Every structure is written in C-alpha cells, then in structure tokens.
>>> print(open('run_38.cif').read())   # mmCIF, N, CA and C atoms
data_entry
loop_
_atom_site.group_PDB
_atom_site.id
_atom_site.type_symbol
_atom_site.label_atom_id
_atom_site.label_comp_id
_atom_site.auth_asym_id
_atom_site.auth_seq_id
_atom_site.Cartn_x
_atom_site.Cartn_y
_atom_site.Cartn_z
ATOM 1 N N MET L 1 2.138 24.059 -71.690
ATOM 2 C CA MET L 1 0.799 24.013 -71.123
ATOM 3 C C MET L 1 -0.015 25.194 -71.663
ATOM 4 N N ASP L 2 -1.178 24.895 -72.178
ATOM 5 C CA ASP L 2 -2.068 25.936 -72.685
ATOM 6 C C ASP L 2 -2.866 26.504 -71.514
ATOM 7 N N LEU L 3 -2.519 27.711 -71.099
ATOM 8 C CA LEU L 3 -3.175 28.310 -69.941
ATOM 9 C C LEU L 3 -4.668 28.510 -70.156
ATOM 10 N N ASN L 4 -5.087 28.694 -71.404
ATOM 11 C CA ASN L 4 -6.513 28.896 -71.673
ATOM 12 C C ASN L 4 -7.333 27.630 -71.450
ATOM 13 N N SER L 5 -6.664 26.476 -71.378
ATOM 14 C CA SER L 5 -7.392 25.224 -71.180
ATOM 15 C C SER L 5 -7.444 24.807 -69.704
ATOM 16 N N ILE L 6 -6.820 25.575 -68.819
ATOM 17 C CA ILE L 6 -6.813 25.244 -67.394
ATOM 18 C C ILE L 6 -8.212 25.458 -66.810
ATOM 19 N N LYS L 7 -8.649 24.471 -66.040
ATOM 20 C CA LYS L 7 -9.915 24.574 -65.310
ATOM 21 C C LYS L 7 -9.562 24.779 -63.833
ATOM 22 N N PRO L 8 -9.604 26.034 -63.357
ATOM 23 C CA PRO L 8 -9.202 26.291 -61.971
ATOM 24 C C PRO L 8 -10.195 25.697 -60.968
ATOM 25 N N ASP L 9 -9.667 25.369 -59.791
ATOM 26 C CA ASP L 9 -10.512 24.863 -58.709
ATOM 27 C C ASP L 9 -11.235 26.010 -58.005
ATOM 28 N N GLN L 10 -10.637 27.199 -58.068
ATOM 29 C CA GLN L 10 -11.248 28.384 -57.453
ATOM 30 C C GLN L 10 -10.779 29.612 -58.218
ATOM 31 N N THR L 11 -11.641 30.628 -58.281
ATOM 32 C CA THR L 11 -11.292 31.891 -58.934
ATOM 33 C C THR L 11 -11.436 33.020 -57.928
ATOM 34 N N LEU L 12 -10.417 33.875 -57.893
ATOM 35 C CA LEU L 12 -10.426 35.061 -57.036
ATOM 36 C C LEU L 12 -10.516 36.284 -57.937
ATOM 37 N N ASP L 13 -11.541 37.090 -57.752
ATOM 38 C CA ASP L 13 -11.699 38.321 -58.527
ATOM 39 C C ASP L 13 -11.062 39.474 -57.764
ATOM 40 N N ALA L 14 -9.867 39.877 -58.196
ATOM 41 C CA ALA L 14 -9.143 40.984 -57.562
ATOM 42 C C ALA L 14 -9.095 42.193 -58.491
ATOM 43 N N LYS L 15 -9.992 42.234 -59.472
ATOM 44 C CA LYS L 15 -10.017 43.362 -60.416
ATOM 45 C C LYS L 15 -10.380 44.640 -59.666
ATOM 46 N N GLY L 16 -9.680 45.719 -60.004
ATOM 47 C CA GLY L 16 -9.944 47.017 -59.383
ATOM 48 C C GLY L 16 -9.222 47.232 -58.071
ATOM 49 N N LEU L 17 -8.562 46.211 -57.553
ATOM 50 C CA LEU L 17 -7.829 46.345 -56.295
ATOM 51 C C LEU L 17 -6.387 46.754 -56.576
ATOM 52 N N SER L 18 -5.846 47.601 -55.705
ATOM 53 C CA SER L 18 -4.457 48.046 -55.844
ATOM 54 C C SER L 18 -3.592 47.363 -54.796
ATOM 55 N N CYS L 19 -2.310 47.334 -55.056
ATOM 56 C CA CYS L 19 -1.327 46.756 -54.155
ATOM 57 C C CYS L 19 -1.502 47.352 -52.754
ATOM 58 N N PRO L 20 -1.494 46.556 -51.724
ATOM 59 C CA PRO L 20 -1.150 45.142 -51.629
ATOM 60 C C PRO L 20 -2.370 44.203 -51.611
ATOM 61 N N MET L 21 -3.561 44.719 -51.875
ATOM 62 C CA MET L 21 -4.779 43.921 -51.712
ATOM 63 C C MET L 21 -4.825 42.653 -52.575
ATOM 64 N N PRO L 22 -4.417 42.686 -53.858
ATOM 65 C CA PRO L 22 -4.461 41.429 -54.621
ATOM 66 C C PRO L 22 -3.625 40.322 -53.975
ATOM 67 N N LEU L 23 -2.464 40.667 -53.464
ATOM 68 C CA LEU L 23 -1.604 39.674 -52.826
ATOM 69 C C LEU L 23 -2.220 39.174 -51.519
ATOM 70 N N LEU L 24 -2.757 40.083 -50.725
ATOM 71 C CA LEU L 24 -3.367 39.678 -49.460
ATOM 72 C C LEU L 24 -4.566 38.770 -49.685
ATOM 73 N N ARG L 25 -5.387 39.098 -50.666
ATOM 74 C CA ARG L 25 -6.554 38.257 -50.972
ATOM 75 C C ARG L 25 -6.124 36.910 -51.551
ATOM 76 N N THR L 26 -5.042 36.920 -52.329
ATOM 77 C CA THR L 26 -4.526 35.667 -52.887
ATOM 78 C C THR L 26 -4.036 34.750 -51.766
ATOM 79 N N LYS L 27 -3.321 35.306 -50.794
ATOM 80 C CA LYS L 27 -2.835 34.520 -49.659
ATOM 81 C C LYS L 27 -3.999 33.864 -48.926
ATOM 82 N N LYS L 28 -5.057 34.620 -48.710
ATOM 83 C CA LYS L 28 -6.231 34.096 -48.001
ATOM 84 C C LYS L 28 -6.912 32.999 -48.835
ATOM 85 N N ALA L 29 -7.049 33.231 -50.136
ATOM 86 C CA ALA L 29 -7.722 32.269 -51.009
ATOM 87 C C ALA L 29 -6.929 30.973 -51.130
ATOM 88 N N ILE L 30 -5.595 31.078 -51.202
ATOM 89 C CA ILE L 30 -4.772 29.880 -51.373
ATOM 90 C C ILE L 30 -4.866 28.985 -50.132
ATOM 91 N N ASN L 31 -5.109 29.597 -48.980
ATOM 92 C CA ASN L 31 -5.266 28.820 -47.748
ATOM 93 C C ASN L 31 -6.567 28.014 -47.748
ATOM 94 N N GLY L 32 -7.514 28.404 -48.599
ATOM 95 C CA GLY L 32 -8.802 27.737 -48.649
ATOM 96 C C GLY L 32 -8.895 26.601 -49.641
ATOM 97 N N ILE L 33 -7.778 26.302 -50.340
ATOM 98 C CA ILE L 33 -7.789 25.184 -51.293
ATOM 99 C C ILE L 33 -6.755 24.151 -50.879
ATOM 100 N N ASN L 34 -6.865 22.969 -51.450
ATOM 101 C CA ASN L 34 -5.959 21.866 -51.116
ATOM 102 C C ASN L 34 -4.688 21.902 -51.962
ATOM 103 N N SER L 35 -3.652 21.274 -51.448
ATOM 104 C CA SER L 35 -2.392 21.152 -52.178
ATOM 105 C C SER L 35 -2.642 20.506 -53.538
ATOM 106 N N GLY L 36 -2.049 21.075 -54.581
ATOM 107 C CA GLY L 36 -2.214 20.565 -55.937
ATOM 108 C C GLY L 36 -3.354 21.207 -56.704
ATOM 109 N N GLN L 37 -4.244 21.914 -55.999
ATOM 110 C CA GLN L 37 -5.348 22.586 -56.684
ATOM 111 C C GLN L 37 -4.869 23.904 -57.283
ATOM 112 N N ILE L 38 -5.654 24.428 -58.222
ATOM 113 C CA ILE L 38 -5.266 25.636 -58.950
ATOM 114 C C ILE L 38 -6.195 26.794 -58.620
ATOM 115 N N LEU L 39 -5.578 27.921 -58.276
ATOM 116 C CA LEU L 39 -6.290 29.172 -58.025
ATOM 117 C C LEU L 39 -6.080 30.085 -59.220
ATOM 118 N N GLU L 40 -7.159 30.629 -59.744
ATOM 119 C CA GLU L 40 -7.093 31.619 -60.817
ATOM 120 C C GLU L 40 -7.340 32.981 -60.185
ATOM 121 N N VAL L 41 -6.426 33.926 -60.407
ATOM 122 C CA VAL L 41 -6.567 35.281 -59.878
ATOM 123 C C VAL L 41 -6.833 36.218 -61.048
ATOM 124 N N LEU L 42 -7.961 36.939 -60.985
ATOM 125 C CA LEU L 42 -8.288 37.942 -61.998
ATOM 126 C C LEU L 42 -7.839 39.290 -61.453
ATOM 127 N N GLY L 43 -7.097 40.053 -62.236
ATOM 128 C CA GLY L 43 -6.585 41.319 -61.724
ATOM 129 C C GLY L 43 -6.421 42.393 -62.773
ATOM 130 N N THR L 44 -6.266 43.608 -62.274
ATOM 131 C CA THR L 44 -6.025 44.761 -63.133
ATOM 132 C C THR L 44 -4.788 45.546 -62.696
ATOM 133 N N ASP L 45 -4.271 45.278 -61.503
ATOM 134 C CA ASP L 45 -3.093 45.991 -60.994
ATOM 135 C C ASP L 45 -1.841 45.408 -61.652
ATOM 136 N N PRO L 46 -1.147 46.198 -62.488
ATOM 137 C CA PRO L 46 0.012 45.672 -63.214
ATOM 138 C C PRO L 46 1.097 45.101 -62.306
ATOM 139 N N GLY L 47 1.220 45.628 -61.101
ATOM 140 C CA GLY L 47 2.231 45.133 -60.169
ATOM 141 C C GLY L 47 2.017 43.688 -59.760
ATOM 142 N N SER L 48 0.776 43.225 -59.838
ATOM 143 C CA SER L 48 0.475 41.841 -59.453
ATOM 144 C C SER L 48 1.164 40.838 -60.364
ATOM 145 N N LYS L 49 1.431 41.222 -61.599
ATOM 146 C CA LYS L 49 2.101 40.305 -62.527
ATOM 147 C C LYS L 49 3.522 39.984 -62.061
ATOM 148 N N ASN L 50 4.110 40.864 -61.259
ATOM 149 C CA ASN L 50 5.428 40.607 -60.677
ATOM 150 C C ASN L 50 5.313 40.085 -59.254
ATOM 151 N N ASP L 51 4.395 40.680 -58.482
ATOM 152 C CA ASP L 51 4.267 40.342 -57.068
ATOM 153 C C ASP L 51 3.842 38.899 -56.842
ATOM 154 N N LEU L 52 2.829 38.444 -57.568
ATOM 155 C CA LEU L 52 2.300 37.105 -57.316
ATOM 156 C C LEU L 52 3.294 35.992 -57.676
ATOM 157 N N PRO L 53 3.965 36.042 -58.839
ATOM 158 C CA PRO L 53 4.977 35.001 -59.103
ATOM 159 C C PRO L 53 6.116 35.004 -58.075
ATOM 160 N N SER L 54 6.546 36.182 -57.646
ATOM 161 C CA SER L 54 7.612 36.267 -56.641
ATOM 162 C C SER L 54 7.153 35.666 -55.317
ATOM 163 N N TRP L 55 5.915 35.967 -54.933
ATOM 164 C CA TRP L 55 5.366 35.412 -53.700
ATOM 165 C C TRP L 55 5.264 33.888 -53.803
ATOM 166 N N CYS L 56 4.839 33.378 -54.953
ATOM 167 C CA CYS L 56 4.738 31.932 -55.156
ATOM 168 C C CYS L 56 6.091 31.261 -54.925
ATOM 169 N N GLU L 57 7.124 31.855 -55.482
ATOM 170 C CA GLU L 57 8.473 31.307 -55.357
ATOM 171 C C GLU L 57 8.909 31.244 -53.894
ATOM 172 N N ARG L 58 8.594 32.296 -53.144
ATOM 173 C CA ARG L 58 8.980 32.359 -51.731
ATOM 174 C C ARG L 58 8.144 31.441 -50.846
ATOM 175 N N SER L 59 6.911 31.153 -51.261
ATOM 176 C CA SER L 59 5.992 30.434 -50.373
ATOM 177 C C SER L 59 5.740 28.981 -50.777
ATOM 178 N N GLY L 60 6.429 28.496 -51.803
ATOM 179 C CA GLY L 60 6.329 27.092 -52.163
ATOM 180 C C GLY L 60 5.198 26.728 -53.105
ATOM 181 N N HIS L 61 4.588 27.733 -53.730
ATOM 182 C CA HIS L 61 3.532 27.487 -54.709
ATOM 183 C C HIS L 61 4.132 27.658 -56.115
ATOM 184 N N THR L 62 3.398 27.240 -57.134
ATOM 185 C CA THR L 62 3.883 27.344 -58.502
ATOM 186 C C THR L 62 2.997 28.289 -59.300
ATOM 187 N N CYS L 63 3.604 29.333 -59.843
ATOM 188 C CA CYS L 63 2.875 30.220 -60.746
ATOM 189 C C CYS L 63 2.954 29.581 -62.138
ATOM 190 N N LEU L 64 1.808 29.177 -62.643
ATOM 191 C CA LEU L 64 1.763 28.509 -63.942
ATOM 192 C C LEU L 64 1.848 29.498 -65.099
ATOM 193 N N GLY L 65 1.600 30.790 -64.818
ATOM 194 C CA GLY L 65 1.685 31.821 -65.836
ATOM 195 C C GLY L 65 0.484 32.738 -65.806
ATOM 196 N N ASN L 66 0.486 33.698 -66.732
ATOM 197 C CA ASN L 66 -0.636 34.628 -66.809
ATOM 198 C C ASN L 66 -1.085 34.799 -68.247
ATOM 199 N N VAL L 67 -2.338 35.186 -68.371
ATOM 200 C CA VAL L 67 -2.954 35.398 -69.677
ATOM 201 C C VAL L 67 -3.619 36.766 -69.659
ATOM 202 N N ASP L 68 -3.321 37.576 -70.669
ATOM 203 C CA ASP L 68 -3.993 38.869 -70.788
ATOM 204 C C ASP L 68 -5.359 38.668 -71.411
ATOM 205 N N ASP L 69 -6.360 39.289 -70.801
ATOM 206 C CA ASP L 69 -7.725 39.235 -71.296
ATOM 207 C C ASP L 69 -8.132 40.673 -71.617
ATOM 208 N N VAL L 70 -9.352 40.904 -72.003
ATOM 209 C CA VAL L 70 -9.814 42.254 -72.345
ATOM 210 C C VAL L 70 -10.041 43.044 -71.060
ATOM 211 N N GLY L 71 -9.134 43.985 -70.763
ATOM 212 C CA GLY L 71 -9.268 44.858 -69.599
ATOM 213 C C GLY L 71 -8.774 44.274 -68.290
ATOM 214 N N PHE L 72 -8.299 43.049 -68.292
ATOM 215 C CA PHE L 72 -7.754 42.434 -67.082
ATOM 216 C C PHE L 72 -6.851 41.265 -67.478
ATOM 217 N N PHE L 73 -6.227 40.660 -66.481
ATOM 218 C CA PHE L 73 -5.385 39.492 -66.743
ATOM 219 C C PHE L 73 -5.770 38.388 -65.774
ATOM 220 N N ARG L 74 -5.346 37.182 -66.091
ATOM 221 C CA ARG L 74 -5.580 36.006 -65.263
ATOM 222 C C ARG L 74 -4.247 35.374 -64.924
ATOM 223 N N ILE L 75 -4.019 35.118 -63.649
ATOM 224 C CA ILE L 75 -2.813 34.447 -63.188
ATOM 225 C C ILE L 75 -3.221 33.118 -62.562
ATOM 226 N N PHE L 76 -2.511 32.056 -62.931
ATOM 227 C CA PHE L 76 -2.844 30.725 -62.429
ATOM 228 C C PHE L 76 -1.767 30.267 -61.447
ATOM 229 N N ILE L 77 -2.196 29.876 -60.255
ATOM 230 C CA ILE L 77 -1.286 29.454 -59.196
ATOM 231 C C ILE L 77 -1.661 28.058 -58.746
ATOM 232 N N LYS L 78 -0.675 27.155 -58.732
ATOM 233 C CA LYS L 78 -0.888 25.798 -58.222
ATOM 234 C C LYS L 78 -0.358 25.748 -56.809
ATOM 235 N N LYS L 79 -1.233 25.376 -55.859
ATOM 236 C CA LYS L 79 -0.825 25.342 -54.459
ATOM 237 C C LYS L 79 0.183 24.228 -54.239
ATOM 238 N N GLY L 80 1.277 24.572 -53.532
ATOM 239 C CA GLY L 80 2.334 23.613 -53.229
ATOM 240 C C GLY L 80 1.990 22.698 -52.081
#
>>> encode(input="run_38.cif", output="structure tokens")
Amino acid sequence: MDLNSIKPDQTLDAKGLSCPMPLLRTKKAINGINSGQILEVLGTDPGSKNDLPSWCERSGHTCLGNVDDVGFFRIFIKKG
C-alpha cells in the first residue's frame, strides 16, 4: 500500500506536542470517526512512532504505517 496515496477521513495535527498528548488526542479523534475510516496523525514527537502503533495493537485499530515528511511525520490509523 502506498501511504502517500491514502486519503484520510480526518487529520489530527499533533505537531509540537510531547508525550502523552499525541496519544491522548489520537484516542479522542479516533472516537469521532466511524469503523473502517482512516485517521492521519501529524506529529513531531519521536516517541509517537512507537506509542501509536502499540496502542493500535492493544485497542483493535490498525496502524497502516508512517511517512516522514519535512520536519514532521504522518501516521495512518484505520479504526477497527
């Protein structure tokens, strides 16, 4: 799957936030979308690249992967 071609249903801008805020905001945002929809999380906290996939695994969502961009990264999560 080409992550650059994904059209997310919602985007969460968590750039500049430090742990645990990206995860907390992601939890809130994922509750606002329907099962099967995709949430794109924009972030700068390196820990989120580990925290969010681990949280997805524990909570029944699918982390589709991440893409490094200029000065930030994008993580794509499909709601379970």
>>> closest_residue(input="run_38.cif", among="L:Gly36, L:Lys49, L:Leu42, L:Arg58", to="L:Lys79", atoms="all atoms listed in the file")
L:Gly36
>>> residues_around(input="run_38.cif", residues="stretch 5-21 of chain L", least_positions_apart="3", cutoff="7 Å", atoms="only C-alpha atoms", output="ChimeraX atom specification")
/L:2,24-25,37-45
>>> write_last_selection(input="run_38.cif", atoms="N, CA and C atoms", output="mmCIF file, in the coordinates of the input")
data_model
loop_
_atom_site.group_PDB
_atom_site.id
_atom_site.type_symbol
_atom_site.label_atom_id
_atom_site.label_comp_id
_atom_site.auth_asym_id
_atom_site.auth_seq_id
_atom_site.Cartn_x
_atom_site.Cartn_y
_atom_site.Cartn_z
ATOM 1 N N ASP L 2 -1.178 24.895 -72.178
ATOM 2 C CA ASP L 2 -2.068 25.936 -72.685
ATOM 3 C C ASP L 2 -2.866 26.504 -71.514
ATOM 4 N N LEU L 24 -2.757 40.083 -50.725
ATOM 5 C CA LEU L 24 -3.367 39.678 -49.460
ATOM 6 C C LEU L 24 -4.566 38.770 -49.685
ATOM 7 N N ARG L 25 -5.387 39.098 -50.666
ATOM 8 C CA ARG L 25 -6.554 38.257 -50.972
ATOM 9 C C ARG L 25 -6.124 36.910 -51.551
ATOM 10 N N GLN L 37 -4.244 21.914 -55.999
ATOM 11 C CA GLN L 37 -5.348 22.586 -56.684
ATOM 12 C C GLN L 37 -4.869 23.904 -57.283
ATOM 13 N N ILE L 38 -5.654 24.428 -58.222
ATOM 14 C CA ILE L 38 -5.266 25.636 -58.950
ATOM 15 C C ILE L 38 -6.195 26.794 -58.620
ATOM 16 N N LEU L 39 -5.578 27.921 -58.276
ATOM 17 C CA LEU L 39 -6.290 29.172 -58.025
ATOM 18 C C LEU L 39 -6.080 30.085 -59.220
ATOM 19 N N GLU L 40 -7.159 30.629 -59.744
ATOM 20 C CA GLU L 40 -7.093 31.619 -60.817
ATOM 21 C C GLU L 40 -7.340 32.981 -60.185
ATOM 22 N N VAL L 41 -6.426 33.926 -60.407
ATOM 23 C CA VAL L 41 -6.567 35.281 -59.878
ATOM 24 C C VAL L 41 -6.833 36.218 -61.048
ATOM 25 N N LEU L 42 -7.961 36.939 -60.985
ATOM 26 C CA LEU L 42 -8.288 37.942 -61.998
ATOM 27 C C LEU L 42 -7.839 39.290 -61.453
ATOM 28 N N GLY L 43 -7.097 40.053 -62.236
ATOM 29 C CA GLY L 43 -6.585 41.319 -61.724
ATOM 30 C C GLY L 43 -6.421 42.393 -62.773
ATOM 31 N N THR L 44 -6.266 43.608 -62.274
ATOM 32 C CA THR L 44 -6.025 44.761 -63.133
ATOM 33 C C THR L 44 -4.788 45.546 -62.696
ATOM 34 N N ASP L 45 -4.271 45.278 -61.503
ATOM 35 C CA ASP L 45 -3.093 45.991 -60.994
ATOM 36 C C ASP L 45 -1.841 45.408 -61.652
#
>>> closest_residue(input="run_38.cif", among="L:Phe72, L:Asn34, L:Leu23, L:Asn4", to="L:Trp55", atoms="only C-alpha atoms")
L:Leu23
>>> atom_distance(input="run_38.cif", atom1="atom CA of L:Met1", atom2="atom CA of L:Lys28")
26.2 Å
>>> atom_distance(input="run_38.cif", atom1="atom C of L:Ile77", atom2="atom CA of L:Ile33")
10.1 Å
>>> atom_distance(input="run_38.cif", atom1="atom N of L:Phe73", atom2="atom N of L:Ser48")
10.0 Å
>>> select_by_dssp(input="run_38.cif", residues="chain L", states="helix (DSSP H, G or I)", output="ChimeraX atom specification")
/L:3-5,21-31,48-59
>>> write_last_selection(input="run_38.cif", atoms="N, CA and C atoms", output="mmCIF file, in the frame of the given file")
data_model
loop_
_atom_site.group_PDB
_atom_site.id
_atom_site.type_symbol
_atom_site.label_atom_id
_atom_site.label_comp_id
_atom_site.auth_asym_id
_atom_site.auth_seq_id
_atom_site.Cartn_x
_atom_site.Cartn_y
_atom_site.Cartn_z
ATOM 1 N N LEU L 3 -2.519 27.711 -71.099
ATOM 2 C CA LEU L 3 -3.175 28.310 -69.941
ATOM 3 C C LEU L 3 -4.668 28.510 -70.156
ATOM 4 N N ASN L 4 -5.087 28.694 -71.404
ATOM 5 C CA ASN L 4 -6.513 28.896 -71.673
ATOM 6 C C ASN L 4 -7.333 27.630 -71.450
ATOM 7 N N SER L 5 -6.664 26.476 -71.378
ATOM 8 C CA SER L 5 -7.392 25.224 -71.180
ATOM 9 C C SER L 5 -7.444 24.807 -69.704
ATOM 10 N N MET L 21 -3.561 44.719 -51.875
ATOM 11 C CA MET L 21 -4.779 43.921 -51.712
ATOM 12 C C MET L 21 -4.825 42.653 -52.575
ATOM 13 N N PRO L 22 -4.417 42.686 -53.858
ATOM 14 C CA PRO L 22 -4.461 41.429 -54.621
ATOM 15 C C PRO L 22 -3.625 40.322 -53.975
ATOM 16 N N LEU L 23 -2.464 40.667 -53.464
ATOM 17 C CA LEU L 23 -1.604 39.674 -52.826
ATOM 18 C C LEU L 23 -2.220 39.174 -51.519
ATOM 19 N N LEU L 24 -2.757 40.083 -50.725
ATOM 20 C CA LEU L 24 -3.367 39.678 -49.460
ATOM 21 C C LEU L 24 -4.566 38.770 -49.685
ATOM 22 N N ARG L 25 -5.387 39.098 -50.666
ATOM 23 C CA ARG L 25 -6.554 38.257 -50.972
ATOM 24 C C ARG L 25 -6.124 36.910 -51.551
ATOM 25 N N THR L 26 -5.042 36.920 -52.329
ATOM 26 C CA THR L 26 -4.526 35.667 -52.887
ATOM 27 C C THR L 26 -4.036 34.750 -51.766
ATOM 28 N N LYS L 27 -3.321 35.306 -50.794
ATOM 29 C CA LYS L 27 -2.835 34.520 -49.659
ATOM 30 C C LYS L 27 -3.999 33.864 -48.926
ATOM 31 N N LYS L 28 -5.057 34.620 -48.710
ATOM 32 C CA LYS L 28 -6.231 34.096 -48.001
ATOM 33 C C LYS L 28 -6.912 32.999 -48.835
ATOM 34 N N ALA L 29 -7.049 33.231 -50.136
ATOM 35 C CA ALA L 29 -7.722 32.269 -51.009
ATOM 36 C C ALA L 29 -6.929 30.973 -51.130
ATOM 37 N N ILE L 30 -5.595 31.078 -51.202
ATOM 38 C CA ILE L 30 -4.772 29.880 -51.373
ATOM 39 C C ILE L 30 -4.866 28.985 -50.132
ATOM 40 N N ASN L 31 -5.109 29.597 -48.980
ATOM 41 C CA ASN L 31 -5.266 28.820 -47.748
ATOM 42 C C ASN L 31 -6.567 28.014 -47.748
ATOM 43 N N SER L 48 0.776 43.225 -59.838
ATOM 44 C CA SER L 48 0.475 41.841 -59.453
ATOM 45 C C SER L 48 1.164 40.838 -60.364
ATOM 46 N N LYS L 49 1.431 41.222 -61.599
ATOM 47 C CA LYS L 49 2.101 40.305 -62.527
ATOM 48 C C LYS L 49 3.522 39.984 -62.061
ATOM 49 N N ASN L 50 4.110 40.864 -61.259
ATOM 50 C CA ASN L 50 5.428 40.607 -60.677
ATOM 51 C C ASN L 50 5.313 40.085 -59.254
ATOM 52 N N ASP L 51 4.395 40.680 -58.482
ATOM 53 C CA ASP L 51 4.267 40.342 -57.068
ATOM 54 C C ASP L 51 3.842 38.899 -56.842
ATOM 55 N N LEU L 52 2.829 38.444 -57.568
ATOM 56 C CA LEU L 52 2.300 37.105 -57.316
ATOM 57 C C LEU L 52 3.294 35.992 -57.676
ATOM 58 N N PRO L 53 3.965 36.042 -58.839
ATOM 59 C CA PRO L 53 4.977 35.001 -59.103
ATOM 60 C C PRO L 53 6.116 35.004 -58.075
ATOM 61 N N SER L 54 6.546 36.182 -57.646
ATOM 62 C CA SER L 54 7.612 36.267 -56.641
ATOM 63 C C SER L 54 7.153 35.666 -55.317
ATOM 64 N N TRP L 55 5.915 35.967 -54.933
ATOM 65 C CA TRP L 55 5.366 35.412 -53.700
ATOM 66 C C TRP L 55 5.264 33.888 -53.803
ATOM 67 N N CYS L 56 4.839 33.378 -54.953
ATOM 68 C CA CYS L 56 4.738 31.932 -55.156
ATOM 69 C C CYS L 56 6.091 31.261 -54.925
ATOM 70 N N GLU L 57 7.124 31.855 -55.482
ATOM 71 C CA GLU L 57 8.473 31.307 -55.357
ATOM 72 C C GLU L 57 8.909 31.244 -53.894
ATOM 73 N N ARG L 58 8.594 32.296 -53.144
ATOM 74 C CA ARG L 58 8.980 32.359 -51.731
ATOM 75 C C ARG L 58 8.144 31.441 -50.846
ATOM 76 N N SER L 59 6.911 31.153 -51.261
ATOM 77 C CA SER L 59 5.992 30.434 -50.373
ATOM 78 C C SER L 59 5.740 28.981 -50.777
#
>>> closest_residue(input="run_38.cif", among="L:Pro46, L:Asn31, L:Ser54, L:Ser59", to="L:Gly71", atoms="only C-alpha atoms")
L:Pro46
>>> resolve_selection(input="run_38.cif", expression="the PyMOL selection byres ((chain L and resi 62) around 6.5)", output="PyMOL selection string")
chain L and resi 56-57+60-61+63-65+76-80
>>> select_by_dssp(input="run_38.cif", residues="chain L", states="strand (DSSP E or B)", output="JSON, numbers by chain")
{"L": [10, 11, 12, 13, 14, 38, 39, 40, 41, 42, 43, 62, 63, 64, 65, 66, 67, 68, 73, 74, 75, 76, 77, 78]}
>>> axis_aligned_box(input="run_38.cif", around="stretch 69-77 of chain L", padding_each_side="5 Å", output="JSON")
{"center_x": -5.7, "center_y": 36.5, "center_z": -65.5, "size_x": 18.8, "size_y": 26.8, "size_z": 23.6}
